[in-house]
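Have a look at model_9.cif; it's mmCIF, C-alpha atoms and all ligand atoms:
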data_work
loop_
_atom_site.label_atom_id
_atom_site.label_comp_id
_atom_site.auth_asym_id
_atom_site.auth_seq_id
_atom_site.Cartn_x
_atom_site.Cartn_y
_atom_site.Cartn_z
CA MET O 1 -10.66 0.85 -22.27
CA ALA O 2 -10.78 -1.39 -19.24
CA SER O 3 -8.02 -0.86 -16.76
CA GLN O 4 -5.08 -3.24 -16.92
CA ASP O 5 -4.65 -2.76 -13.22
CA GLN O 6 -6.81 -5.32 -11.52
CA PHE O 7 -7.35 -7.26 -8.37
CA GLN O 8 -9.34 -10.47 -8.20
CA ARG O 9 -10.23 -12.90 -5.47
CA PHE O 10 -10.93 -16.58 -6.01
CA ILE O 11 -11.68 -19.70 -4.03
CA PHE O 12 -11.10 -23.37 -4.50
CA GLU O 13 -14.54 -24.98 -4.45
CA HIS O 14 -15.29 -27.45 -1.67
CA SER O 15 -12.18 -26.50 0.21
CA GLN O 16 -10.99 -24.00 2.76
CA ILE O 17 -8.43 -22.39 0.55
CA ARG O 18 -8.84 -18.97 -0.94
CA GLY O 19 -6.68 -16.87 -3.16
CA ALA O 20 -6.16 -13.48 -4.69
CA TRP O 21 -4.42 -12.20 -7.77
CA VAL O 22 -3.27 -8.75 -8.74
CA LYS O 23 -1.61 -7.15 -11.74
CA LEU O 24 -0.52 -3.52 -11.87
CA GLY O 25 0.58 -1.52 -14.90
CA ASP O 26 -0.25 2.19 -15.10
CA SER O 27 -0.72 2.61 -11.35
CA TYR O 28 2.71 1.13 -10.70
CA THR O 29 4.52 3.12 -13.40
CA GLU O 30 2.79 6.30 -12.24
CA ILE O 31 4.15 5.73 -8.73
CA ALA O 32 7.57 4.58 -9.92
CA LYS O 33 8.12 7.67 -12.07
CA GLN O 34 7.89 9.94 -9.04
CA ALA O 35 11.59 9.41 -8.34
CA PRO O 36 14.69 8.26 -10.25
CA TYR O 37 14.58 4.77 -8.79
CA PRO O 38 17.32 2.32 -9.66
CA ALA O 39 15.80 -0.68 -11.46
CA SER O 40 16.04 -3.06 -8.50
CA VAL O 41 14.46 -0.56 -6.10
CA ARG O 42 11.71 0.20 -8.59
CA GLU O 43 10.90 -3.50 -8.94
CA LEU O 44 10.83 -4.00 -5.20
CA LEU O 45 8.47 -1.05 -4.95
CA GLY O 46 6.32 -2.75 -7.60
CA GLU O 47 6.27 -5.97 -5.58
CA SER O 48 5.34 -4.13 -2.40
CA LEU O 49 2.48 -2.35 -4.16
CA ALA O 50 1.17 -5.67 -5.44
CA ALA O 51 1.50 -7.15 -1.94
CA SER O 52 -0.38 -4.25 -0.37
CA VAL O 53 -3.30 -4.81 -2.74
CA LEU O 54 -3.37 -8.56 -2.07
CA MET O 55 -3.27 -8.04 1.69
CA SER O 56 -5.81 -5.26 1.87
CA GLY O 57 -8.08 -7.23 -0.45
CA THR O 58 -8.04 -10.40 1.61
CA LEU O 59 -8.15 -8.86 5.09
CA LYS O 60 -11.63 -7.46 4.93
CA PHE O 61 -11.81 -4.01 6.45
CA GLU O 62 -12.47 -0.44 5.41
CA GLY O 63 -9.41 1.74 5.66
CA ILE O 64 -5.75 1.72 4.74
CA LEU O 65 -3.25 -1.09 4.80
CA SER O 66 0.34 -0.03 4.69
CA LEU O 67 3.55 -1.99 4.32
CA GLN O 68 6.74 -0.39 5.42
CA ALA O 69 10.23 -1.84 5.39
CA GLN O 70 13.15 -0.16 7.07
CA GLY O 71 16.74 -1.27 7.11
CA ASP O 72 20.39 -0.37 7.25
CA GLY O 73 21.17 -1.13 3.59
CA SER O 74 21.19 1.05 0.47
CA LEU O 75 17.43 0.95 0.56
CA ARG O 76 16.41 2.74 3.72
CA THR O 77 12.64 2.80 3.40
CA LEU O 78 10.11 1.02 1.28
CA MET O 79 6.48 1.95 1.62
CA ALA O 80 3.27 0.85 -0.08
CA GLU O 81 -0.32 1.58 0.82
CA CYS O 82 -3.63 0.29 -0.39
CA THR O 83 -7.11 1.41 0.60
CA HIS O 84 -10.26 -0.71 0.55
CA GLN O 85 -11.23 1.25 -2.58
CA ARG O 86 -8.14 -0.29 -4.20
CA THR O 87 -6.22 2.93 -4.53
CA ILE O 88 -2.49 2.64 -4.03
CA ARG O 89 0.48 4.85 -3.40
CA GLY O 90 4.05 4.16 -2.40
CA LEU O 91 7.64 5.29 -2.29
CA ALA O 92 11.17 4.17 -1.59
CA ARG O 93 14.12 6.01 -0.11
CA PHE O 94 17.60 4.94 -1.05
CA ASN O 95 21.05 6.39 -0.65
CA ASP O 96 22.76 5.25 -3.81
CA THR O 97 21.44 5.76 -7.34
CA ALA O 98 23.94 3.31 -8.75
CA ILE O 99 22.71 0.37 -6.70
CA GLN O 100 23.71 -2.90 -8.27
CA LYS O 101 22.12 -5.06 -5.64
CA SER O 102 18.67 -6.55 -5.97
CA GLY O 103 16.17 -8.32 -3.78
CA LEU O 104 14.96 -7.38 -0.34
CA LYS O 105 17.77 -8.96 1.64
CA GLU O 106 20.56 -7.36 -0.35
CA LEU O 107 18.93 -3.97 -0.57
CA LEU O 108 17.48 -3.58 2.87
CA GLY O 109 20.08 -5.32 5.01
CA GLN O 110 19.09 -5.79 8.62
CA GLY O 111 15.67 -4.42 9.26
CA ASN O 112 12.01 -4.84 9.87
CA MET O 113 8.82 -4.98 7.97
CA VAL O 114 5.87 -3.22 9.55
CA ILE O 115 2.29 -3.91 8.55
CA THR O 116 -0.17 -1.24 9.66
CA ILE O 117 -3.90 -1.43 9.31
CA THR O 118 -5.69 1.85 9.86
CA PRO O 119 -9.43 1.21 9.75
CA GLU O 120 -11.83 4.05 9.15
CA GLN O 121 -13.41 3.07 12.40
CA GLY O 122 -11.79 1.47 15.39
CA GLN O 123 -8.30 0.73 16.55
CA ARG O 124 -5.17 0.90 14.46
CA TYR O 125 -3.30 -2.37 14.28
CA GLN O 126 0.41 -2.84 13.76
CA GLY O 127 2.41 -6.02 13.22
CA VAL O 128 6.18 -6.29 12.86
CA VAL O 129 8.30 -8.99 11.25
CA PRO O 130 12.09 -8.98 11.14
CA ARG O 131 13.61 -9.11 7.67
CA GLU O 132 14.78 -12.69 7.94
CA ALA O 133 13.50 -14.08 4.65
CA ASP O 134 15.44 -13.08 1.54
CA SER O 135 12.46 -11.82 -0.40
CA LEU O 136 9.53 -9.55 0.25
CA ALA O 137 7.13 -12.42 -0.40
CA GLY O 138 9.02 -14.55 2.14
CA CYS O 139 8.84 -11.83 4.80
CA LEU O 140 5.13 -11.41 4.34
CA GLN O 141 4.57 -15.15 4.45
CA ASP O 142 6.42 -15.13 7.78
CA TYR O 143 4.14 -12.38 8.97
CA PHE O 144 0.97 -14.32 8.17
CA THR O 145 2.25 -17.57 9.57
CA ARG O 146 3.71 -16.14 12.79
CA SER O 147 1.56 -13.15 13.65
CA GLU O 148 -1.75 -14.18 12.15
CA GLN O 149 -1.38 -17.97 12.29
CA ILE O 150 -2.73 -18.17 8.76
CA ASP O 151 -0.95 -20.47 6.34
CA THR O 152 -0.12 -18.35 3.35
CA GLY O 153 1.66 -18.73 0.05
CA LEU O 154 2.72 -15.57 -1.72
CA MET O 155 4.33 -14.96 -5.10
CA LEU O 156 5.41 -11.49 -6.16
CA PHE O 157 7.02 -10.39 -9.42
CA ALA O 158 7.84 -7.07 -11.02
CA ASP O 159 9.68 -5.76 -14.02
CA GLU O 160 10.06 -2.19 -15.18
CA ASN O 161 6.41 -1.58 -16.03
CA THR O 162 4.34 -4.37 -14.55
CA SER O 163 4.04 -5.95 -11.16
CA ALA O 164 1.92 -8.91 -10.18
CA GLY O 165 1.19 -11.13 -7.26
CA LEU O 166 -0.63 -14.27 -6.24
CA LEU O 167 -1.71 -15.10 -2.72
CA LEU O 168 -2.98 -18.44 -1.47
CA GLN O 169 -4.37 -18.74 1.98
CA ARG O 170 -6.04 -21.22 4.22
CA MET O 171 -9.16 -19.64 5.52
CA PRO O 172 -8.70 -18.51 9.10
CA GLY O 173 -10.12 -21.05 11.51
CA ALA O 174 -10.33 -23.77 8.86
CA ILE O 175 -11.40 -27.00 10.48
CA ASP O 176 -10.18 -30.29 9.14
CA PRO O 177 -7.89 -28.66 6.60
CA ASP O 178 -7.02 -30.68 3.54
CA ASN O 179 -3.25 -30.82 3.72
CA ASP O 180 -2.82 -32.58 0.43
CA GLN O 181 -4.69 -29.96 -1.50
CA TRP O 182 -2.90 -27.15 0.32
CA GLN O 183 0.49 -28.68 -0.51
CA ARG O 184 -0.57 -29.32 -4.08
CA VAL O 185 -1.78 -25.81 -4.90
CA ASN O 186 1.26 -24.24 -3.27
CA HIS O 187 3.55 -26.54 -5.16
CA LEU O 188 1.82 -25.54 -8.41
CA ALA O 189 2.00 -21.85 -7.57
CA ALA O 190 5.72 -22.16 -6.89
CA THR O 191 6.24 -23.20 -10.52
CA LEU O 192 4.99 -19.83 -11.75
CA THR O 193 7.49 -17.82 -13.71
CA ALA O 194 7.79 -14.05 -13.82
CA GLU O 195 6.90 -14.18 -17.51
CA GLU O 196 3.61 -15.95 -16.80
CA MET O 197 2.69 -13.77 -13.86
CA LEU O 198 3.47 -10.51 -15.62
CA GLY O 199 2.14 -11.53 -19.02
CA LEU O 200 -1.06 -13.48 -18.50
CA ASP O 201 -4.51 -12.36 -17.42
CA SER O 202 -5.94 -13.96 -14.29
CA GLU O 203 -8.27 -16.39 -16.02
CA THR O 204 -5.62 -17.82 -18.31
CA LEU O 205 -3.08 -17.95 -15.51
CA LEU O 206 -5.33 -19.66 -12.97
CA ASN O 207 -6.77 -22.09 -15.52
CA ARG O 208 -3.34 -23.07 -16.65
CA LEU O 209 -2.02 -23.42 -13.13
CA PHE O 210 -4.95 -25.06 -11.37
CA HIS O 211 -6.66 -26.87 -14.24
CA GLU O 212 -7.27 -29.91 -12.05
CA GLU O 213 -8.86 -27.89 -9.28
CA GLU O 214 -12.25 -26.27 -9.25
CA VAL O 215 -11.56 -22.57 -9.01
CA ARG O 216 -14.26 -19.94 -8.72
CA LEU O 217 -13.23 -16.43 -9.69
CA PHE O 218 -14.93 -13.37 -8.28
CA GLU O 219 -15.34 -10.10 -10.16
CA THR O 220 -12.22 -8.19 -11.03
CA GLU O 221 -11.76 -4.89 -9.25
CA PRO O 222 -9.85 -1.99 -10.81
CA VAL O 223 -6.81 -0.67 -8.95
CA ARG O 224 -5.54 2.87 -9.41
CA PHE O 225 -2.96 5.29 -8.11
CA TYR O 226 -4.42 7.93 -5.89
CA CYS O 227 -2.72 10.14 -3.34
CA SER O 228 -4.84 11.26 -0.44
CA CYS O 229 -2.71 14.27 0.41
CA SER O 230 -4.41 17.67 0.65
CA ARG O 231 -3.79 21.19 1.87
CA GLU O 232 -5.82 20.43 5.00
CA ARG O 233 -3.81 17.32 5.83
CA THR O 234 -0.56 19.17 5.26
CA LEU O 235 -1.75 21.90 7.60
CA ALA O 236 -2.57 19.27 10.20
CA ALA O 237 1.00 17.98 9.87
CA LEU O 238 2.31 21.50 10.43
CA GLU O 239 0.11 21.81 13.46
CA SER O 240 1.67 18.70 14.92
CA ILE O 241 5.17 20.06 14.21
CA GLY O 242 4.14 22.93 16.46
CA GLN O 243 3.75 26.66 16.52
CA LYS O 244 7.28 27.42 17.64
CA GLU O 245 8.89 25.36 14.91
CA CYS O 246 6.63 26.82 12.20
CA TYR O 247 7.48 30.39 13.16
CA SER O 248 11.17 29.64 13.41
CA ILE O 249 11.07 28.47 9.77
CA LEU O 250 9.22 31.64 8.80
CA ASP O 251 11.87 33.76 10.49
CA GLU O 252 14.28 32.48 7.88
CA ARG O 253 12.04 32.04 4.85
CA GLU O 254 9.03 33.66 3.31
CA SER O 255 6.97 30.51 3.31
CA ILE O 256 6.85 26.95 4.50
CA ASP O 257 6.94 24.72 1.44
CA MET O 258 5.79 21.16 1.80
CA ASP O 259 6.23 18.57 -0.90
CA CYS O 260 4.09 15.41 -0.76
CA GLN O 261 6.45 12.46 -0.63
CA PHE O 262 4.07 10.28 -2.60
CA CYS O 263 2.91 12.49 -5.49
CA HIS O 264 5.11 15.59 -5.19
CA ALA O 265 2.16 17.94 -4.91
CA GLN O 266 3.43 21.25 -3.55
CA TYR O 267 1.82 23.04 -0.66
CA ARG O 268 2.92 26.54 0.27
CA PHE O 269 2.04 28.30 3.51
CA VAL O 270 2.81 31.93 4.22
CA ARG O 271 2.83 33.69 7.59
CA ASN O 272 -0.82 34.53 7.27
CA ASP O 273 -1.73 30.82 6.91
CA ILE O 274 0.33 29.93 9.97
CA ASP O 275 -1.19 32.81 11.98
CA HIS O 276 -4.59 31.45 11.05
CA LEU O 277 -3.63 27.86 11.87
CA PHE O 278 -2.53 28.73 15.36
CA SER O 279 -4.99 31.55 15.98
CA GLY O 280 -6.82 29.53 18.57
CA HIS O 281 -3.61 28.62 20.39
CA SER O 282 -2.00 30.80 23.01
CA LEU O 283 1.65 31.73 22.62
CA HIS O 284 4.02 30.50 25.28
ZN ZN O 301 0.30 13.43 -2.44
#
Please re-express this file's structure in structure tokens.
Amino acid sequence: MASQDQFQRFIFEHSQIRGAWVKLGDSYTEIAKQAPYPASVRELLGESLAASVLMSGTLKFEGILSLQAQGDGSLRTLMAECTHQRTIRGLARFNDTAIQKSGLKELLGQGNMVITITPEQGQRYQGVVPREADSLAGCLQDYFTRSEQIDTGLMLFADENTSAGLLLQRMPGAIDPDNDQWQRVNHLAATLTAEEMLGLDSETLLNRLFHEEEVRLFETEPVRFYCSCSRERTLAALESIGQKECYSILDERESIDMDCQFCHAQYRFVRNDIDHLFSGHSLH
């Protein structure tokens, strides 16, 4: 069976506007079931996963794009990552399981949104936007407009088991941009309902929405949940914590137990592993 979790790019013919669409089912629920998320936090996580796919799919690079929001509200951290192979992972940290609030503004409070691009080769890039807009989509639009100077329209929706997003963008460096068309397609996109976004496939949705425009769809690309954690990477994290700290844990416990925050894989290291890890280091 073909995956329900798909990403697709499209362009408006004879114009300098491009777009991207994403819908996530299994990959989102797989990530969301990792913790007992309150409904509103779960949905925001779904939106951020959809956004990470849209952003990594339109900014062409090989590596990882990560979105991270931090604030002083009930939701302390929201994180979503997407690789160029369209694998995603994400998590949220919150301090109240009975959260009644919903939406980014209410949940996060005062805070920032950090966009990090870690290419396989070359320099890491980080951009920060304050959480001024009420919604995640609004914040990310601010990011594109202010930091990247790229006019962007973004729609994000999520319910318990599906999340979806639509991104419209003027191609960077567009000369003689057609303002009327840009306004028109954004106006149309703004009429989208959650029901349409979460229920329809891309072709039906885009045909219905932009039936007066000439839209060319590219191939759909499957999206899946994948966590890149490993024993080696966990060891590298221990190495950065430092020799002294590792041994001080082992003075109190038999092993150092590390739990991956994204997939809950367990990694256990005994004294012998730590001896081996730091065998090349000299003790101070
Ligand atoms: Zn993991």
Long-range neighbours of Gly173 in chain O as a PyMOL selection string, 10 Å cut-off, all atoms listed in the file, 5 positions minimum in chain: chain O and resi 16+149-150
Filtering to C-alpha atoms, could you give me those residues as an mmCIF file, keeping the file's coordinate frame?
data_model
loop_
_atom_site.group_PDB
_atom_site.id
_atom_site.type_symbol
_atom_site.label_atom_id
_atom_site.label_comp_id
_atom_site.auth_asym_id
_atom_site.auth_seq_id
_atom_site.Cartn_x
_atom_site.Cartn_y
_atom_site.Cartn_z
ATOM 1 C CA GLN O 16 -10.990 -24.000 2.760
ATOM 2 C CA GLN O 149 -1.380 -17.970 12.290
ATOM 3 C CA ILE O 150 -2.730 -18.170 8.760
#
Of the listed residues O:Ile88, O:Met197, O:Ile241, O:Val128, that which approaches ligand ZN 301 (chain O) most closely, counting only C-alpha atoms and all ligand atoms: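 The answer is O:Ile88, which sits nearest to ligand ZN 301 (chain O).
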Polymer residues at most 12 Å from Thr191 in chain O, only C-alpha atoms, same-chain spacing of 4 or more positions, as a list in words: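 Listing them by chain and then by number gives Met155, Arg184, Val185, Asn186, His187, Glu195, Glu196, Met197, Leu205, Arg208, Leu209 and Phe210 of chain O.
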Shell around range 60-71 of chain O at 6 Å using all atoms listed in the file, local window under 5 positions removed, as a PyMOL selection string: chain O and resi 76-84+108-120
Pairwise distance for CA of Leu192 in chain O and CA of Gly165 in chain O, rounded to one decimal in Å: 10.5 Å
O:Leu24, O:Leu59, O:Gly280, O:Gly73 ranked by distance to Gln169 in chain O, top pick (using only C-alpha atoms): O:Leu59
Could you put an axis-aligned box around every listed atom of range 192-197 of chain O, padded by 3 Å on each side, and send me its centre and edge lengths in Å to one decimal, as lines of an AutoDock Vina configuration file?
center_x = 5.2
center_y = -16.8
center_z = -14.6
size_x = 11.1
size_y = 12.1
size_z = 11.8
Exercise answer, 9 Å around ligand ZN 301 (chain O) with only C-alpha atoms and all ligand atoms, as an MDAnalysis selection string: chainID O and resid 89 226:230 259:266
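Taking CA of Asn179 in chain O as the reference point, CA of Val215 in chain O is found at 17.3 Å.
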Interatomic distance (Å, one decimal) between CA of Trp182 in chain O and CA of Ser56 in chain O: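 Between CA of Trp182 in chain O and CA of Ser56 in chain O the gap is 22.1 Å.
By all atoms listed in the file, and with residues fewer than 2 positions from Phe144 in chain O along its chain excluded, the set lying at most 12 Å from it is O:Met55, O:Thr58, O:Leu59, O:Ile115, O:Gly127, O:Val128, O:Val129, O:Ala137, O:Gly138, O:Cys139, O:Leu140, O:Gln141, O:Asp142, O:Arg146, O:Ser147, O:Glu148, O:Gln149, O:Ile150, O:Asp151, O:Thr152, O:Gly153, O:Leu154, O:Leu167, O:Leu168, O:Gln169, O:Arg170, O:Met171, O:Pro172.
Nearest residue to Leu277 in chain O, choosing from O:Thr193, O:Thr162, O:Thr220, O:Thr234 and counting only C-alpha atoms: O:Thr234.
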